[in-house]
>>> print(open('final_0.txt').read())   # compact mmCIF, C-alpha atoms
# COMPACT_ATOMS: atom_id res chain seq x y z
CA MET A 18 -1.17 18.45 69.09
CA ALA A 19 1.13 16.95 71.69
CA GLU A 20 -0.09 13.45 70.87
CA ILE A 21 0.66 13.93 67.17
CA ILE A 22 4.23 15.06 67.86
CA ALA A 23 4.79 12.28 70.38
CA ASP A 24 3.59 9.69 67.87
CA LEU A 25 5.98 10.98 65.21
CA ILE A 26 8.90 10.86 67.63
CA GLN A 27 7.98 7.32 68.62
CA GLN A 28 7.89 6.24 64.96
CA ILE A 29 11.29 7.79 64.28
CA ASN A 30 13.04 6.27 67.28
CA ALA A 31 11.44 2.84 66.76
CA LYS A 32 12.83 2.63 63.22
CA ALA A 33 16.19 4.28 63.83
CA HIS A 34 18.18 1.06 64.31
CA GLY A 35 21.39 2.91 65.10
CA ARG A 36 20.88 5.72 62.59
CA ALA A 37 20.80 9.41 63.46
CA THR A 38 17.34 10.82 64.15
CA GLY A 39 15.96 14.16 63.04
CA PHE A 40 12.89 16.35 63.22
CA VAL A 41 12.05 18.93 60.57
CA ILE A 42 10.35 22.25 61.35
CA GLY A 43 9.39 24.06 58.17
CA ASN A 44 7.26 27.16 57.68
CA THR A 45 4.77 28.29 55.06
CA SER A 46 2.73 31.27 53.92
CA SER A 47 0.06 28.97 52.47
CA ASP A 48 -3.36 29.12 54.04
CA MET A 49 -4.37 26.62 56.71
CA PRO A 50 -7.70 26.30 58.49
CA ALA A 51 -8.11 28.81 61.31
CA ASP A 52 -7.96 26.05 63.93
CA GLN A 53 -4.85 24.40 62.44
CA ASP A 54 -1.35 25.67 63.24
CA PHE A 55 0.68 22.97 61.48
CA TYR A 56 0.56 19.85 59.36
CA ILE A 57 2.87 16.85 59.58
CA THR A 58 5.28 15.42 57.03
CA SER A 59 5.71 11.66 56.84
CA PRO A 60 8.85 9.87 58.05
CA GLU A 61 11.69 9.64 55.52
CA GLU A 62 14.79 7.47 55.67
CA THR A 63 18.34 7.41 54.31
CA ALA A 64 21.18 5.02 55.09
CA ASP A 65 22.33 7.24 57.97
CA LEU A 66 19.25 9.24 59.00
CA ILE A 67 15.53 8.89 59.75
CA TYR A 68 13.34 11.95 60.22
CA ALA A 69 9.82 13.36 60.10
CA GLY A 70 8.48 16.80 60.80
CA VAL A 71 5.89 19.55 60.65
CA ILE A 72 5.19 22.65 58.60
CA VAL A 73 3.99 25.55 60.76
CA LYS A 74 2.21 28.81 60.01
CA ASN A 75 3.33 30.84 63.04
CA ILE A 76 6.26 31.48 65.36
CA GLU A 77 4.61 30.23 68.54
CA THR A 78 3.96 26.79 67.08
CA ALA A 79 7.53 26.50 65.81
CA ALA A 80 8.89 27.26 69.30
CA TRP A 81 6.42 24.88 70.97
CA VAL A 82 7.30 22.02 68.59
CA ALA A 83 11.01 22.65 69.14
CA GLN A 84 10.59 22.43 72.90
CA SER A 85 8.52 19.26 72.52
CA VAL A 86 11.15 17.39 70.48
CA ASP A 87 14.30 18.81 72.05
CA GLY A 88 16.51 16.00 73.30
CA GLN A 89 14.33 13.31 71.73
CA VAL A 90 16.14 13.42 68.37
CA ASN A 91 19.75 14.05 67.42
CA TYR A 92 19.05 16.88 64.99
CA ILE A 93 16.38 19.49 64.44
CA PHE A 94 16.30 20.72 60.84
CA VAL A 95 14.74 24.18 60.70
CA ASP A 96 13.71 26.06 57.56
CA ALA A 97 15.83 29.22 57.45
CA GLU A 98 13.64 30.91 54.83
CA LYS A 99 11.22 33.48 56.18
CA LYS A 100 7.76 32.60 54.88
CA ILE A 101 5.47 33.26 57.86
CA LYS A 102 2.65 35.69 57.03
CA LYS A 103 2.88 39.02 58.84
CA ILE A 104 -0.39 38.37 60.65
CA TYR A 105 1.30 35.41 62.37
CA TYR A 106 4.46 37.22 63.46
CA GLY A 107 5.12 36.88 67.14
CA PRO A 108 5.94 39.87 69.39
CA ASP A 109 9.23 41.57 68.44
CA ASP A 110 10.04 39.15 65.62
CA PHE A 111 9.99 39.15 61.82
CA GLY A 112 8.64 35.74 60.97
CA ASN A 113 11.94 34.13 61.91
CA ILE A 114 11.24 30.57 63.04
CA GLU A 115 14.95 29.75 63.04
CA ARG A 116 15.59 32.25 65.82
CA ALA A 117 12.61 31.00 67.83
CA VAL A 118 13.67 27.37 67.42
CA ARG A 119 17.26 28.07 68.44
CA LYS A 120 16.06 29.82 71.60
CA ALA A 121 13.86 26.85 72.47
CA ILE A 122 16.54 24.17 71.98
CA ASN A 123 19.02 23.09 74.67
CA GLN A 124 19.94 19.50 73.77
CA SER A 125 19.40 18.58 70.12
CA ALA A 126 21.68 20.06 67.44
CA VAL A 127 20.00 22.65 65.20
CA LEU A 128 20.73 22.55 61.45
CA THR A 129 19.20 24.80 58.78
CA TYR A 130 17.94 24.23 55.25
CA LYS A 131 15.90 26.23 52.73
CA GLY A 132 12.49 24.79 51.95
CA ASN A 133 11.86 26.69 48.71
CA SER A 134 15.31 25.81 47.43
CA LEU A 135 14.45 22.12 47.80
CA ALA A 136 11.44 22.65 45.54
CA VAL A 137 13.48 24.51 42.92
CA GLU A 138 16.15 21.80 42.81
CA ALA A 139 13.49 19.07 42.59
CA ILE A 140 11.83 20.83 39.64
CA GLY A 141 15.19 21.20 37.93
CA LEU A 142 15.93 17.48 38.27
CA LEU A 143 12.46 16.51 37.02
CA PHE A 144 12.71 18.95 34.10
CA ASP A 145 16.06 17.46 33.08
CA GLN A 146 14.50 13.99 32.97
CA LEU A 147 11.47 15.04 30.95
CA VAL A 148 13.18 17.44 28.54
CA VAL A 149 16.20 16.04 26.73
CA ASP A 150 17.54 19.41 25.52
CA ALA A 151 16.26 22.58 27.19
CA GLY A 152 17.58 24.87 24.46
CA GLY A 153 14.60 26.41 22.65
CA VAL A 154 11.97 24.50 24.65
CA GLU A 155 9.42 27.14 25.60
CA VAL A 156 8.16 27.04 29.18
CA ALA A 157 5.22 28.72 30.90
CA ILE A 158 5.48 29.24 34.66
CA ILE A 159 2.19 30.08 36.32
CA GLY A 160 2.89 31.77 39.63
CA ALA A 161 5.88 34.08 39.84
CA GLY A 162 6.47 34.04 43.56
CA ASN A 163 9.69 32.98 45.24
CA VAL A 164 9.75 29.46 43.79
CA GLY A 165 8.39 30.34 40.36
CA SER A 166 10.86 33.20 39.88
CA LYS A 167 13.83 31.03 40.88
CA ILE A 168 12.71 28.30 38.48
CA ALA A 169 12.38 30.87 35.70
CA LEU A 170 15.97 32.03 36.20
CA MET A 171 17.27 28.45 36.37
CA LEU A 172 15.53 27.38 33.16
CA VAL A 173 16.31 30.49 31.13
CA GLU A 174 19.98 30.05 32.06
CA CYS A 175 19.69 26.56 30.51
CA GLY A 176 18.48 28.13 27.26
CA ALA A 177 14.72 27.68 27.69
CA PRO A 178 12.61 30.76 26.87
CA VAL A 179 10.28 31.32 29.81
CA ARG A 180 6.87 32.99 29.84
CA LEU A 181 5.92 34.11 33.34
CA PHE A 182 2.54 34.97 34.87
CA ARG A 183 1.24 36.21 38.20
CA ARG A 184 -1.94 38.13 38.98
CA ASN A 185 -0.16 41.30 40.14
CA LEU A 186 1.09 42.61 36.81
CA ASP A 187 3.12 45.47 38.34
CA LYS A 188 5.14 42.99 40.40
CA LEU A 189 5.32 40.65 37.42
CA LYS A 190 6.97 43.30 35.27
CA LYS A 191 9.53 44.09 37.95
CA ILE A 192 10.32 40.38 38.40
CA THR A 193 10.60 39.80 34.65
CA ASP A 194 12.89 42.81 34.17
CA GLY A 195 14.99 41.75 37.15
CA LEU A 196 15.46 38.18 35.94
CA ASN A 197 16.55 39.39 32.51
CA GLN A 198 19.09 41.67 34.18
CA ILE A 199 20.42 38.85 36.37
CA LYS A 200 20.81 36.19 33.66
CA SER A 201 24.08 36.03 31.75
CA GLU A 202 24.41 38.50 28.90
CA HIS A 203 25.50 35.53 26.77
CA THR A 204 22.20 33.70 27.33
CA MET A 205 19.98 34.28 24.32
CA ALA A 206 16.83 32.92 25.97
CA ALA A 207 14.80 35.47 27.91
CA VAL A 208 11.95 35.75 30.39
CA THR A 209 8.79 37.44 29.11
CA MET A 210 5.63 38.35 31.00
CA ALA A 211 2.09 37.29 30.14
CA GLU A 212 -1.06 39.09 31.22
CA ASN A 213 -3.12 35.94 31.72
CA ILE A 214 -2.65 32.16 31.98
CA GLU A 215 -3.88 31.42 28.44
CA GLU A 216 -1.37 33.88 26.99
CA ALA A 217 1.43 32.37 29.06
CA CYS A 218 0.63 28.86 27.79
CA ARG A 219 0.12 29.76 24.13
CA GLY A 220 2.58 27.78 21.98
CA VAL A 221 4.70 26.45 24.87
CA HIS A 222 5.92 22.89 25.36
CA VAL A 223 6.05 22.82 29.18
CA VAL A 224 3.70 24.30 31.79
CA ILE A 225 4.88 24.50 35.41
CA GLY A 226 2.23 25.33 38.00
CA CYS A 227 3.50 27.26 41.03
CA SER A 228 0.23 29.01 41.79
CA GLY A 229 -2.88 28.46 43.87
CA GLN A 230 -5.17 25.47 43.82
CA GLN A 231 -6.78 24.56 40.49
CA SER A 232 -5.77 27.84 38.87
CA ILE A 233 -4.83 26.27 35.50
CA GLY A 234 -7.83 24.98 33.56
CA LYS A 235 -8.15 23.09 30.30
CA GLU A 236 -9.29 26.25 28.53
CA ASP A 237 -5.94 27.83 29.41
CA LEU A 238 -4.10 24.96 27.69
CA LYS A 239 -5.99 24.88 24.38
CA TYR A 240 -3.18 26.61 22.46
CA LEU A 241 -0.23 24.55 23.69
CA SER A 242 2.42 23.64 21.14
CA GLN A 243 1.34 20.63 19.08
CA ASP A 244 4.75 19.56 17.80
CA ARG A 245 5.36 17.32 20.84
CA PRO A 246 3.33 15.95 23.76
CA PRO A 247 2.88 18.67 26.39
CA ILE A 248 4.61 18.37 29.75
CA LEU A 249 2.63 19.57 32.75
CA ILE A 250 4.42 19.87 36.09
CA ASP A 251 2.55 20.55 39.32
CA ALA A 252 5.10 22.28 41.55
CA GLY A 253 2.51 23.47 44.06
CA LYS A 254 -0.57 21.85 45.53
CA CYS A 255 -3.12 20.88 42.88
CA CYS A 256 -2.35 23.78 40.56
CA PHE A 257 -4.28 22.18 37.69
CA ALA A 258 -8.09 22.17 37.61
CA GLU A 259 -10.14 18.97 37.59
CA ASP A 260 -10.85 19.16 33.85
CA VAL A 261 -7.08 18.93 33.26
CA VAL A 262 -6.53 16.22 35.87
CA ASN A 263 -9.34 14.09 34.45
CA ASP A 264 -8.29 14.38 30.80
CA PRO A 265 -6.66 11.04 29.82
CA GLU A 266 -4.69 12.77 27.06
CA LEU A 267 -2.95 15.07 29.53
CA LYS A 268 -0.38 13.78 32.02
CA ILE A 269 0.58 15.80 35.07
CA PHE A 270 3.93 15.17 36.74
CA SER A 271 3.79 15.85 40.48
CA LEU A 272 6.84 17.01 42.38
CA ASP A 273 8.59 14.73 44.90
CA ILE A 274 10.70 17.01 47.08
CA SER A 275 11.71 14.16 49.39
CA ILE A 276 14.31 12.96 46.85
CA VAL A 277 16.20 16.25 47.03
CA GLN A 278 15.54 16.70 50.73
CA LYS A 279 17.21 13.40 51.61
CA SER A 280 20.30 14.31 49.59
CA ILE A 281 20.50 17.82 51.04
CA PHE A 282 20.09 16.60 54.62
CA SER A 283 22.86 14.04 54.06
CA ALA A 284 25.06 16.82 52.66
CA ILE A 285 24.27 19.02 55.69
CA LEU A 286 25.34 16.25 58.07
CA LYS A 287 28.50 15.58 56.05
CA THR A 288 29.36 19.30 56.04
CA LYS A 289 28.84 19.44 59.80
CA GLU A 290 31.16 16.46 60.19
CA ILE A 291 33.90 18.11 58.12
CA TYR A 292 33.61 21.62 59.53
CA ASN A 293 32.68 20.82 63.12
CA HIS A 294 34.91 23.37 64.84
CA GLU A 295 34.73 24.20 68.53
CA LYS A 296 33.86 27.81 67.71
CA ASP A 297 31.47 29.08 65.08
CA PHE A 298 32.30 31.93 62.74
CA SER A 299 30.87 34.52 65.13
CA GLY A 300 33.60 33.63 67.59
CA ARG A 301 31.24 32.15 70.19
CA GLY A 302 32.24 28.99 72.01
>>> encode(input="final_0.txt", output="structure tokens")
Amino acid sequence: MAEIIADLIQQINAKAHGRATGFVIGNTSSDMPADQDFYITSPEETADLIYAGVIVKNIETAAWVAQSVDGQVNYIFVDAEKKIKKIYYGPDDFGNIERAVRKAINQSAVLTYKGNSLAVEAIGLLFDQLVVDAGGVEVAIIGAGNVGSKIALMLVECGAPVRLFRRNLDKLKKITDGLNQIKSEHTMAAVTMAENIEEACRGVHVVIGCSGQQSIGKEDLKYLSQDRPPILIDAGKCCFAEDVVNDPELKIFSLDISIVQKSIFSAILKTKEIYNHEKDFSGRG
């Protein structure tokens, strides 16, 4: 593991050319092999910043990575969202990699971001490019977890009726009811729940996959709306089955979070520059 991190740091610093350097430590609840504690993310560049990073599944790895890169980059970007599975919680913590990273860092500056929020914003931007007018465009979202639920609220607020599905129907009903309570009372579009994937996709124009691998098959899509070409968006990791992927008549749009991530990281650095006071809001020096 140490060699992998060292290689990433070397790549970043070799290509910096006077730009700020960063290292990203994200976290996930997605399954990894038992012998794997993290996976790497490729280097990304902006006019003012170059960075790479890792996505970890437990607290100990987050702290170890932080110690390994401390002082070797200008900034450490840490995912402030709590997504670590309970089985990977460290002693006396609650899946909080931000806290563990901050304790491990003495030299580099620590900045926070929200990983799931990047995905939601990226989906919104892609949706806007693919759908000219969201009003009345029916959307199925398969997977009503954190990301899927946030996308549902965002799209219904734009006037798109959303049909939502997740396997746990009790949770699905609570999420659906909650989203309809949160949305503006002046928004006519609503979120409705579906009891299976085929029902969710029946008659819709857009299908957004936020679920597990290959959970959406061609049989689920046989009753899509026929009044326009369907739009399939993979917002997870291979949410569509092979029979969908291999169908030449169906096009799947994959999400590129790096576009939003670069913009957000630039905004974080700009905000730090503007509001860089000697004391933070807790009153500590």
>>> closest_residue(input="final_0.txt", among="A:Leu286, A:Leu241, A:Leu143, A:Ile168", to="Leu267 in chain A", atoms="only C-alpha atoms")
A:Leu241
>>> atom_distance(input="final_0.txt", atom1="CA of Leu142 in chain A", atom2="CA of Ser232 in chain A")
24.1 Å
>>> atom_distance(input="final_0.txt", atom1="CA of Ile159 in chain A", atom2="CA of Arg183 in chain A")
6.5 Å
>>> closest_residue(input="final_0.txt", among="A:Glu290, A:Met205, A:Glu115, A:Thr63", to="Val277 in chain A", atoms="only C-alpha atoms")
A:Thr63
>>> closest_atom_pairs(input="final_0.txt", of="range 236-285 of chain A", to="range 221-225 of chain A", cutoff="10 Å", atoms="only C-alpha atoms", output="JSON lines")
{"residue": "A:Leu238", "atom": "CA", "partner": "A:Val224", "partner_atom": "CA", "distance": 8.8}
{"residue": "A:Tyr240", "atom": "CA", "partner": "A:Val221", "partner_atom": "CA", "distance": 8.2}
{"residue": "A:Leu241", "atom": "CA", "partner": "A:Val221", "partner_atom": "CA", "distance": 5.4}
{"residue": "A:Ser242", "atom": "CA", "partner": "A:Val221", "partner_atom": "CA", "distance": 5.2}
{"residue": "A:Gln243", "atom": "CA", "partner": "A:His222", "partner_atom": "CA", "distance": 8.1}
{"residue": "A:Asp244", "atom": "CA", "partner": "A:His222", "partner_atom": "CA", "distance": 8.3}
{"residue": "A:Arg245", "atom": "CA", "partner": "A:His222", "partner_atom": "CA", "distance": 7.2}
{"residue": "A:Pro246", "atom": "CA", "partner": "A:His222", "partner_atom": "CA", "distance": 7.6}
{"residue": "A:Pro247", "atom": "CA", "partner": "A:His222", "partner_atom": "CA", "distance": 5.3}
{"residue": "A:Ile248", "atom": "CA", "partner": "A:Val223", "partner_atom": "CA", "distance": 4.7}
{"residue": "A:Leu249", "atom": "CA", "partner": "A:Val224", "partner_atom": "CA", "distance": 4.9}
{"residue": "A:Ile250", "atom": "CA", "partner": "A:Ile225", "partner_atom": "CA", "distance": 4.7}
{"residue": "A:Asp251", "atom": "CA", "partner": "A:Ile225", "partner_atom": "CA", "distance": 6.0}
{"residue": "A:Ala252", "atom": "CA", "partner": "A:Ile225", "partner_atom": "CA", "distance": 6.5}
{"residue": "A:Gly253", "atom": "CA", "partner": "A:Ile225", "partner_atom": "CA", "distance": 9.0}
{"residue": "A:Cys256", "atom": "CA", "partner": "A:Ile225", "partner_atom": "CA", "distance": 8.9}
{"residue": "A:Phe257", "atom": "CA", "partner": "A:Ile225", "partner_atom": "CA", "distance": 9.7}
{"residue": "A:Ile269", "atom": "CA", "partner": "A:Val224", "partner_atom": "CA", "distance": 9.6}
{"residue": "A:Phe270", "atom": "CA", "partner": "A:Ile225", "partner_atom": "CA", "distance": 9.5}
>>> closest_residue(input="final_0.txt", among="A:Ala83, A:Ile114, A:Lys239, A:Val149", to="Glu215 in chain A", atoms="all atoms listed in the file")
A:Lys239
>>> atom_distance(input="final_0.txt", atom1="CA of Val82 in chain A", atom2="CA of Lys254 in chain A")
24.4 Å
>>> closest_residue(input="final_0.txt", among="A:Ile42, A:Leu181, A:His34, A:Ala117", to="Glu62 in chain A", atoms="all atoms listed in the file")
A:His34
